[in-house]
$ cat my_file.cif   # mmCIF, C-alpha atoms
data_final
#
loop_
_atom_site.group_PDB
_atom_site.id
_atom_site.type_symbol
_atom_site.label_atom_id
_atom_site.label_comp_id
_atom_site.auth_asym_id
_atom_site.auth_seq_id
_atom_site.Cartn_x
_atom_site.Cartn_y
_atom_site.Cartn_z
ATOM 1 C CA MET J 1 5.713 19.222 -48.471
ATOM 2 C CA LEU J 2 5.274 22.799 -49.592
ATOM 3 C CA SER J 3 6.100 26.058 -47.856
ATOM 4 C CA ASP J 4 3.693 29.001 -47.582
ATOM 5 C CA ASN J 5 5.529 30.714 -50.450
ATOM 6 C CA ASP J 6 5.220 27.656 -52.710
ATOM 7 C CA ILE J 7 1.470 27.524 -52.131
ATOM 8 C CA LEU J 8 1.107 31.299 -52.595
ATOM 9 C CA GLU J 9 3.010 31.138 -55.906
ATOM 10 C CA ARG J 10 0.744 28.368 -57.165
ATOM 11 C CA VAL J 11 -2.397 30.217 -56.049
ATOM 12 C CA ARG J 12 -1.291 33.448 -57.754
ATOM 13 C CA THR J 13 -0.457 31.652 -61.006
ATOM 14 C CA GLY J 14 -3.833 29.910 -60.987
ATOM 15 C CA VAL J 15 -2.534 26.390 -60.430
ATOM 16 C CA TYR J 16 -4.176 26.002 -56.982
ATOM 17 C CA LYS J 17 -7.569 27.193 -55.734
ATOM 18 C CA ASP J 18 -7.387 30.082 -53.263
ATOM 19 C CA TRP J 19 -8.796 28.969 -49.909
ATOM 20 C CA GLY J 20 -7.450 31.973 -47.999
ATOM 21 C CA THR J 21 -5.099 31.295 -45.107
ATOM 22 C CA LEU J 22 -4.213 27.635 -44.666
ATOM 23 C CA SER J 23 -2.605 26.279 -41.513
ATOM 24 C CA ALA J 24 0.221 23.788 -41.910
ATOM 25 C CA GLY J 25 -1.683 20.883 -40.469
ATOM 26 C CA ASP J 26 -3.863 19.395 -37.812
ATOM 27 C CA PRO J 27 -1.831 17.778 -35.008
ATOM 28 C CA GLU J 28 -4.694 15.315 -34.464
ATOM 29 C CA VAL J 29 -4.069 13.585 -37.813
ATOM 30 C CA ASN J 30 -3.102 9.917 -37.311
ATOM 31 C CA THR J 31 -2.510 10.305 -33.567
ATOM 32 C CA THR J 32 -3.565 6.716 -32.844
ATOM 33 C CA LYS J 33 -1.128 5.343 -35.397
ATOM 34 C CA ASP J 34 1.622 7.620 -34.082
ATOM 35 C CA GLU J 35 1.000 6.518 -30.491
ATOM 36 C CA LEU J 36 1.228 2.847 -31.495
ATOM 37 C CA HIS J 37 4.574 3.455 -33.188
ATOM 38 C CA GLY J 38 5.886 5.738 -30.436
ATOM 39 C CA VAL J 39 6.173 8.737 -32.762
ATOM 40 C CA THR J 40 5.735 12.285 -31.500
ATOM 41 C CA ARG J 41 4.854 14.842 -34.149
ATOM 42 C CA PRO J 42 6.555 18.235 -33.928
ATOM 43 C CA GLN J 43 4.550 21.301 -32.967
ATOM 44 C CA MET J 44 3.095 23.127 -35.960
ATOM 45 C CA ASP J 45 3.931 26.815 -36.323
ATOM 46 C CA ALA J 46 3.833 29.489 -39.033
ATOM 47 C CA PHE J 47 6.961 28.085 -40.695
ATOM 48 C CA SER J 48 5.877 24.445 -40.830
ATOM 49 C CA PRO J 49 5.570 22.934 -44.318
ATOM 50 C CA HIS J 50 2.186 21.939 -45.712
ATOM 51 C CA GLU J 51 1.559 18.300 -46.604
ATOM 52 C CA MET J 52 0.019 17.855 -50.033
ATOM 53 C CA VAL J 53 -1.313 14.574 -51.428
ATOM 54 C CA GLU J 54 -1.693 13.973 -55.140
ATOM 55 C CA GLN J 55 -3.739 11.075 -56.516
ATOM 56 C CA HIS J 56 -4.197 9.842 -60.066
ATOM 57 C CA THR J 57 -7.802 8.694 -60.178
ATOM 58 C CA TYR J 58 -10.902 8.385 -62.346
ATOM 59 C CA LEU J 59 -13.849 10.760 -61.751
ATOM 60 C CA ASP J 60 -17.152 11.375 -63.529
ATOM 61 C CA LEU J 61 -17.297 15.172 -63.217
ATOM 62 C CA ASP J 62 -19.514 15.773 -66.265
ATOM 63 C CA GLY J 63 -22.184 13.239 -65.220
ATOM 64 C CA ASP J 64 -22.185 11.219 -68.451
ATOM 65 C CA GLY J 65 -21.614 7.895 -66.659
ATOM 66 C CA TYR J 66 -18.019 7.521 -67.919
ATOM 67 C CA ARG J 67 -15.161 8.185 -65.488
ATOM 68 C CA GLU J 68 -12.357 10.279 -66.946
ATOM 69 C CA PRO J 69 -8.743 10.211 -65.653
ATOM 70 C CA TYR J 70 -7.862 13.170 -63.402
ATOM 71 C CA ILE J 71 -5.109 14.243 -61.003
ATOM 72 C CA VAL J 72 -6.470 15.520 -57.675
ATOM 73 C CA THR J 73 -4.244 17.487 -55.273
ATOM 74 C CA VAL J 74 -5.434 17.795 -51.646
ATOM 75 C CA HIS J 75 -4.071 19.816 -48.706
ATOM 76 C CA LEU J 76 -3.778 17.054 -46.118
ATOM 77 C CA GLY J 77 -4.024 19.167 -42.945
ATOM 78 C CA GLN J 78 -7.080 21.147 -44.021
ATOM 79 C CA GLU J 79 -8.625 18.406 -46.204
ATOM 80 C CA LYS J 80 -9.240 20.890 -49.030
ATOM 81 C CA VAL J 81 -9.004 20.124 -52.733
ATOM 82 C CA MET J 82 -6.383 22.463 -54.169
ATOM 83 C CA ARG J 83 -6.437 21.323 -57.793
ATOM 84 C CA ILE J 84 -8.166 18.939 -60.181
ATOM 85 C CA VAL J 85 -6.547 18.620 -63.588
ATOM 86 C CA ALA J 86 -7.348 16.298 -66.495
ATOM 87 C CA ARG J 87 -4.902 13.455 -67.134
ATOM 88 C CA PHE J 88 -5.839 13.180 -70.803
ATOM 89 C CA ASP J 89 -5.711 15.328 -73.923
ATOM 90 C CA GLU J 90 -7.978 15.627 -76.963
ATOM 91 C CA ASP J 91 -5.950 13.066 -78.924
ATOM 92 C CA GLY J 92 -6.732 10.402 -76.313
ATOM 93 C CA VAL J 93 -10.543 10.811 -76.428
ATOM 94 C CA TYR J 94 -12.366 8.394 -78.736
ATOM 95 C CA GLU J 95 -15.986 9.000 -79.703
ATOM 96 C CA ASN J 96 -18.595 7.038 -81.604
ATOM 97 C CA GLU J 97 -21.637 9.025 -82.779
ATOM 98 C CA GLY J 98 -21.042 11.748 -80.175
ATOM 99 C CA GLU J 99 -20.640 9.298 -77.295
ATOM 100 C CA ILE J 100 -17.257 8.756 -75.602
ATOM 101 C CA TYR J 101 -16.287 5.095 -75.559
ATOM 102 C CA LYS J 102 -12.614 5.350 -74.530
ATOM 103 C CA ILE J 103 -10.174 7.831 -72.975
ATOM 104 C CA THR J 104 -6.474 7.016 -72.921
ATOM 105 C CA PRO J 105 -4.791 8.618 -69.883
ATOM 106 C CA ILE J 106 -1.404 10.342 -70.144
ATOM 107 C CA GLN J 107 1.293 8.232 -68.519
ATOM 108 C CA TYR J 108 3.277 10.308 -66.023
ATOM 109 C CA PHE J 109 5.436 7.554 -64.574
ATOM 110 C CA THR J 110 8.051 5.514 -66.378
ATOM 111 C CA LYS J 111 9.319 2.236 -64.993
ATOM 112 C CA PHE J 112 13.049 1.726 -65.356
ATOM 113 C CA GLY J 113 14.034 -1.803 -64.414
ATOM 114 C CA PHE J 114 17.535 -2.968 -63.502
ATOM 115 C CA ILE J 115 17.199 -6.683 -64.300
ATOM 116 C CA PRO J 116 13.863 -8.253 -65.340
ATOM 117 C CA ASN J 117 12.466 -10.626 -62.743
ATOM 118 C CA PRO J 118 12.882 -14.264 -63.835
ATOM 119 C CA ASP J 119 9.406 -15.206 -62.576
ATOM 120 C CA GLY J 120 7.846 -12.598 -64.892
ATOM 121 C CA SER J 121 6.274 -10.428 -62.182
ATOM 122 C CA PHE J 122 6.017 -6.645 -62.423
ATOM 123 C CA TYR J 123 8.825 -5.711 -59.995
ATOM 124 C CA ASP J 124 12.328 -6.121 -61.367
ATOM 125 C CA ILE J 125 15.409 -7.254 -59.477
ATOM 126 C CA GLY J 126 17.180 -4.257 -57.959
ATOM 127 C CA PHE J 127 20.831 -3.633 -57.233
ATOM 128 C CA GLY J 128 20.195 -4.101 -53.512
ATOM 129 C CA GLN J 129 18.894 -7.626 -54.095
ATOM 130 C CA LEU J 130 22.103 -8.457 -55.936
ATOM 131 C CA LEU J 131 24.233 -7.115 -53.082
ATOM 132 C CA THR J 132 22.363 -8.956 -50.302
ATOM 133 C CA PRO J 133 24.395 -12.224 -50.478
ATOM 134 C CA LEU J 134 27.642 -10.232 -50.606
ATOM 135 C CA ASN J 135 26.617 -8.142 -47.605
ATOM 136 C CA GLU J 136 25.683 -11.255 -45.631
ATOM 137 C CA THR J 137 29.047 -12.858 -46.476
ATOM 138 C CA ILE J 138 30.987 -9.753 -45.462
ATOM 139 C CA ASN J 139 29.043 -9.481 -42.198
ATOM 140 C CA THR J 140 29.744 -13.148 -41.426
ATOM 141 C CA LEU J 141 33.476 -12.743 -42.138
ATOM 142 C CA ILE J 142 33.747 -9.642 -39.954
ATOM 143 C CA ASN J 143 31.924 -11.396 -37.103
ATOM 144 C CA GLN J 144 34.254 -14.407 -37.405
ATOM 145 C CA LEU J 145 37.347 -12.173 -37.374
ATOM 146 C CA LEU J 146 36.124 -10.338 -34.280
ATOM 147 C CA ASP J 147 35.298 -13.616 -32.525
ATOM 148 C CA SER J 148 38.707 -15.140 -33.332
ATOM 149 C CA GLY J 149 40.511 -11.975 -32.183
ATOM 150 C CA THR J 150 38.561 -11.986 -28.930
ATOM 151 C CA LEU J 151 39.350 -15.667 -28.376
ATOM 152 C CA ALA J 152 43.074 -15.161 -29.111
ATOM 153 C CA ASN J 153 43.345 -12.266 -26.644
ATOM 154 C CA ARG J 154 41.640 -14.108 -23.789
ATOM 155 C CA ALA J 155 43.255 -16.718 -21.643
ATOM 156 C CA GLY J 156 40.741 -19.399 -22.465
ATOM 157 C CA GLY J 157 40.540 -23.082 -21.798
ATOM 158 C CA PHE J 158 40.023 -25.237 -18.722
ATOM 159 C CA ILE J 159 42.090 -27.013 -16.065
ATOM 160 C CA SER J 160 41.139 -30.501 -14.957
ATOM 161 C CA LYS J 161 42.099 -32.510 -11.861
ATOM 162 C CA GLY J 162 44.201 -34.925 -13.856
ATOM 163 C CA ILE J 163 46.613 -32.342 -15.182
ATOM 164 C CA ARG J 164 50.019 -32.401 -13.525
ATOM 165 C CA MET J 165 51.393 -28.905 -13.382
ATOM 166 C CA LYS J 166 53.654 -27.283 -10.895
ATOM 167 C CA GLU J 167 51.900 -24.710 -8.746
ATOM 168 C CA GLU J 168 54.203 -21.885 -9.788
ATOM 169 C CA ASN J 169 53.175 -22.353 -13.449
ATOM 170 C CA THR J 170 49.441 -22.511 -12.769
ATOM 171 C CA PRO J 171 47.703 -19.222 -13.651
ATOM 172 C CA SER J 172 45.439 -17.872 -10.982
ATOM 173 C CA ILE J 173 41.850 -17.949 -12.141
ATOM 174 C CA LEU J 174 40.267 -16.039 -9.267
#
$ encode --input "my_file.cif" --output "structure tokens"
Amino acid sequence: MLSDNDILERVRTGVYKDWGTLSAGDPEVNTTKDELHGVTRPQMDAFSPHEMVEQHTYLDLDGDGYREPYIVTVHLGQEKVMRIVARFDEDGVYENEGEIYKITPIQYFTKFGFIPNPDGSFYDIGFGQLLTPLNETINTLINQLLDSGTLANRAGGFISKGIRMKEENTPSIL
């Protein structure tokens, strides 16, 4: 989400392409999905932020048949490409007799794991997964305490025909 000033700064510094005046968004975007989920989008005005989408992808812009890694930034409401920038540098381009055979992309994201997953999959075990059994235990204990307090404060039980009590000691139920 970017404000008008953020976009203007990036246009004036040459980071984004100048498309003139951009509106914050089209209220018709994803209306079917929003209706299914019961979501109402706010009205767009001059102060609404602009939604920008950035994708790391491979494109063949020079037409040589080899797709190079690029970062493409798109204004979501207007569906306009604001920026395309290479995700590689000269050190990562490998050539053989003038023909490119490999381009190593620059890694922008670093994975920091908490505890490696024992089954060897990509996603590590997070702190929330460690706390889940504790949270379930605490919730169970609180529910049991509330239930026992409710039971202790109520006059519970039953009276059968065979009980021999004096009428003055019998609590009125109705």
$ residues_around --input "my_file.cif" --residues "J:Ile7" --least-positions-apart "6" --cutoff "12 Å" --atoms "all atoms listed in the file" --output "PyMOL selection string"
chain J and resi 1+13-24+49-52+73-75+82-83
$ write_last_selection --input "my_file.cif" --atoms "C-alpha atoms" --output "PDB file, keeping the file's coordinate frame"
ATOM      1  CA  MET J   1       5.713  19.222 -48.471  1.00  0.00           C
ATOM      2  CA  THR J  13      -0.457  31.652 -61.006  1.00  0.00           C
ATOM      3  CA  GLY J  14      -3.833  29.910 -60.987  1.00  0.00           C
ATOM      4  CA  VAL J  15      -2.534  26.390 -60.430  1.00  0.00           C
ATOM      5  CA  TYR J  16      -4.176  26.002 -56.982  1.00  0.00           C
ATOM      6  CA  LYS J  17      -7.569  27.193 -55.734  1.00  0.00           C
ATOM      7  CA  ASP J  18      -7.387  30.082 -53.263  1.00  0.00           C
ATOM      8  CA  TRP J  19      -8.796  28.969 -49.909  1.00  0.00           C
ATOM      9  CA  GLY J  20      -7.450  31.973 -47.999  1.00  0.00           C
ATOM     10  CA  THR J  21      -5.099  31.295 -45.107  1.00  0.00           C
ATOM     11  CA  LEU J  22      -4.213  27.635 -44.666  1.00  0.00           C
ATOM     12  CA  SER J  23      -2.605  26.279 -41.513  1.00  0.00           C
ATOM     13  CA  ALA J  24       0.221  23.788 -41.910  1.00  0.00           C
ATOM     14  CA  PRO J  49       5.570  22.934 -44.318  1.00  0.00           C
ATOM     15  CA  HIS J  50       2.186  21.939 -45.712  1.00  0.00           C
ATOM     16  CA  GLU J  51       1.559  18.300 -46.604  1.00  0.00           C
ATOM     17  CA  MET J  52       0.019  17.855 -50.033  1.00  0.00           C
ATOM     18  CA  THR J  73      -4.244  17.487 -55.273  1.00  0.00           C
ATOM     19  CA  VAL J  74      -5.434  17.795 -51.646  1.00  0.00           C
ATOM     20  CA  HIS J  75      -4.071  19.816 -48.706  1.00  0.00           C
ATOM     21  CA  MET J  82      -6.383  22.463 -54.169  1.00  0.00           C
ATOM     22  CA  ARG J  83      -6.437  21.323 -57.793  1.00  0.00           C
TER      23      ARG J  83
END
$ residues_around --input "my_file.cif" --residues "J:Tyr101" --least-positions-apart "5" --cutoff "12 Å" --atoms "all atoms listed in the file" --output "VMD selection string"
chain J and resid 64 to 68 92 to 96
$ residues_near_point --input "my_file.cif" --point "(-7.3, 17.2, -74.9)" --cutoff "12 Å" --atoms "only C-alpha atoms" --output "list in words"
Glu68, Pro69, Val85, Ala86, Arg87, Phe88, Asp89, Glu90, Asp91, Gly92, Val93, Tyr94, Ile103, Thr104, Pro105 and Ile106 of chain J
$ closest_residue --input "my_file.cif" --among "J:Gln129, J:Ser160, J:Thr140, J:Ser48" --to "J:Leu2" --atoms "only C-alpha atoms"
J:Ser48
$ axis_aligned_box --input "my_file.cif" --around "stretch 129-143 of chain J" --padding-each-side "4 Å" --output "lines of an AutoDock Vina configuration file"
center_x = 26.3
center_y = -10.1
center_z = -46.5
size_x = 22.9
size_y = 14.0
size_z = 26.8
$ resolve_selection --input "my_file.cif" --expression "the PyMOL selection byres ((chain J and resi 112) around 12)" --output "list in words"
Phe109, Thr110, Lys111, Gly113, Phe114, Ile115, Pro116, Phe122, Tyr123, Asp124, Ile125 and Gly126 of chain J
$ atom_distance --input "my_file.cif" --atom1 "atom CA of J:Val81" --atom2 "atom CA of J:Gly63"
19.4 Å
$ atom_distance --input "my_file.cif" --atom1 "atom CA of J:Lys80" --atom2 "atom CA of J:Arg10"
14.9 Å
$ residues_around --input "my_file.cif" --residues "J:Ile71" --least-positions-apart "5" --cutoff "6 Å" --atoms "only C-alpha atoms" --output "number ranges by chain"
J: 55-56, 84-85
$ write_last_selection --input "my_file.cif" --atoms "C-alpha atoms" --output "PDB file, in the frame of the given file"
ATOM      1  CA  GLN J  55      -3.739  11.075 -56.516  1.00  0.00           C
ATOM      2  CA  HIS J  56      -4.197   9.842 -60.066  1.00  0.00           C
ATOM      3  CA  ILE J  84      -8.166  18.939 -60.181  1.00  0.00           C
ATOM      4  CA  VAL J  85      -6.547  18.620 -63.588  1.00  0.00           C
TER       5      VAL J  85
END
$ atom_distance --input "my_file.cif" --atom1 "atom CA of J:Tyr58" --atom2 "atom CA of J:Lys102"
12.7 Å
$ decode --input "my_file.cif" --residues "stretch 128-161 of chain J" --atoms "N, CA, C and O atoms" --output "compact mmCIF listing (two decimals), in the first residue's frame"
# COMPACT_ATOMS: atom_id res chain seq x y z
N GLY J 128 4.79 -20.86 17.75
CA GLY J 128 3.36 -21.10 17.96
C GLY J 128 3.03 -22.58 18.02
O GLY J 128 2.16 -23.00 18.79
N GLN J 129 3.71 -23.39 17.22
CA GLN J 129 3.47 -24.83 17.25
C GLN J 129 3.93 -25.44 18.57
O GLN J 129 3.36 -26.41 19.03
N LEU J 130 4.96 -24.87 19.16
CA LEU J 130 5.41 -25.35 20.46
C LEU J 130 4.44 -24.97 21.57
O LEU J 130 4.29 -25.69 22.55
N LEU J 131 3.79 -23.83 21.43
CA LEU J 131 2.87 -23.35 22.46
C LEU J 131 1.48 -23.96 22.36
O LEU J 131 0.71 -23.86 23.31
N THR J 132 1.14 -24.59 21.25
CA THR J 132 -0.22 -25.12 21.06
C THR J 132 -0.63 -26.09 22.15
O THR J 132 -1.71 -25.93 22.73
N PRO J 133 0.17 -27.11 22.53
CA PRO J 133 -0.27 -28.01 23.61
C PRO J 133 -0.44 -27.28 24.94
O PRO J 133 -1.36 -27.57 25.70
N LEU J 134 0.43 -26.31 25.22
CA LEU J 134 0.29 -25.55 26.46
C LEU J 134 -0.99 -24.73 26.46
O LEU J 134 -1.69 -24.66 27.47
N ASN J 135 -1.29 -24.10 25.33
CA ASN J 135 -2.52 -23.31 25.24
C ASN J 135 -3.75 -24.18 25.40
O ASN J 135 -4.71 -23.79 26.07
N GLU J 136 -3.74 -25.37 24.80
CA GLU J 136 -4.88 -26.27 24.94
C GLU J 136 -5.04 -26.71 26.38
O GLU J 136 -6.16 -26.80 26.90
N THR J 137 -3.95 -26.99 27.07
CA THR J 137 -4.00 -27.39 28.48
C THR J 137 -4.54 -26.26 29.34
O THR J 137 -5.39 -26.48 30.21
N ILE J 138 -4.06 -25.07 29.13
CA ILE J 138 -4.53 -23.92 29.91
C ILE J 138 -6.01 -23.67 29.66
O ILE J 138 -6.78 -23.42 30.60
N ASN J 139 -6.45 -23.75 28.41
CA ASN J 139 -7.87 -23.57 28.10
C ASN J 139 -8.72 -24.63 28.79
O ASN J 139 -9.79 -24.33 29.33
N THR J 140 -8.26 -25.88 28.79
CA THR J 140 -9.00 -26.96 29.45
C THR J 140 -9.10 -26.71 30.96
O THR J 140 -10.17 -26.86 31.55
N LEU J 141 -7.99 -26.31 31.58
CA LEU J 141 -8.00 -26.04 33.02
C LEU J 141 -8.93 -24.89 33.38
O LEU J 141 -9.67 -24.96 34.37
N ILE J 142 -8.91 -23.84 32.60
CA ILE J 142 -9.80 -22.70 32.87
C ILE J 142 -11.25 -23.12 32.72
O ILE J 142 -12.11 -22.76 33.54
N ASN J 143 -11.57 -23.89 31.68
CA ASN J 143 -12.95 -24.37 31.50
C ASN J 143 -13.38 -25.25 32.66
O ASN J 143 -14.51 -25.14 33.14
N GLN J 144 -12.48 -26.12 33.15
CA GLN J 144 -12.83 -26.98 34.29
C GLN J 144 -13.05 -26.16 35.56
O GLN J 144 -13.96 -26.44 36.34
N LEU J 145 -12.23 -25.14 35.79
CA LEU J 145 -12.40 -24.28 36.96
C LEU J 145 -13.73 -23.53 36.90
O LEU J 145 -14.44 -23.40 37.90
N LEU J 146 -14.07 -23.01 35.74
CA LEU J 146 -15.35 -22.31 35.59
C LEU J 146 -16.53 -23.26 35.81
O LEU J 146 -17.51 -22.91 36.47
N ASP J 147 -16.43 -24.46 35.24
CA ASP J 147 -17.51 -25.44 35.41
C ASP J 147 -17.66 -25.85 36.87
O ASP J 147 -18.78 -25.94 37.39
N SER J 148 -16.55 -26.08 37.57
CA SER J 148 -16.65 -26.48 38.99
C SER J 148 -17.18 -25.34 39.84
O SER J 148 -17.95 -25.56 40.79
N GLY J 149 -16.80 -24.10 39.54
CA GLY J 149 -17.32 -22.95 40.28
C GLY J 149 -18.81 -22.78 40.05
O GLY J 149 -19.56 -22.48 40.98
N THR J 150 -19.25 -22.98 38.82
CA THR J 150 -20.68 -22.89 38.52
C THR J 150 -21.45 -23.97 39.25
O THR J 150 -22.51 -23.72 39.82
N LEU J 151 -20.92 -25.19 39.27
CA LEU J 151 -21.58 -26.30 39.94
C LEU J 151 -21.63 -26.08 41.45
O LEU J 151 -22.63 -26.39 42.10
N ALA J 152 -20.59 -25.52 42.04
CA ALA J 152 -20.55 -25.28 43.49
C ALA J 152 -21.53 -24.19 43.90
O ALA J 152 -22.07 -24.22 45.01
N ASN J 153 -21.76 -23.21 43.03
CA ASN J 153 -22.66 -22.11 43.38
C ASN J 153 -24.13 -22.41 43.13
O ASN J 153 -24.99 -21.69 43.60
N ARG J 154 -24.43 -23.45 42.41
CA ARG J 154 -25.81 -23.85 42.14
C ARG J 154 -26.27 -24.86 43.17
O ARG J 154 -25.49 -25.67 43.65
N ALA J 155 -27.53 -24.83 43.44
CA ALA J 155 -28.12 -25.88 44.27
C ALA J 155 -28.48 -27.02 43.34
O ALA J 155 -29.55 -27.06 42.77
N GLY J 156 -27.55 -27.94 43.16
CA GLY J 156 -27.77 -29.01 42.21
C GLY J 156 -28.19 -30.29 42.91
O GLY J 156 -28.28 -30.39 44.12
N GLY J 157 -28.47 -31.28 42.14
CA GLY J 157 -28.85 -32.57 42.67
C GLY J 157 -30.28 -32.93 42.30
O GLY J 157 -30.91 -32.26 41.49
N PHE J 158 -30.81 -33.98 42.95
CA PHE J 158 -32.18 -34.40 42.67
C PHE J 158 -32.80 -34.92 43.97
O PHE J 158 -32.11 -35.26 44.93
N ILE J 159 -34.12 -34.95 43.98
CA ILE J 159 -34.87 -35.48 45.12
C ILE J 159 -35.73 -36.61 44.60
O ILE J 159 -36.49 -36.44 43.65
N SER J 160 -35.62 -37.78 45.27
CA SER J 160 -36.42 -38.92 44.83
C SER J 160 -37.57 -39.15 45.80
O SER J 160 -37.63 -38.56 46.88
N LYS J 161 -38.50 -40.05 45.41
CA LYS J 161 -39.65 -40.36 46.26
C LYS J 161 -39.23 -41.05 47.55
O LYS J 161 -39.86 -40.87 48.58
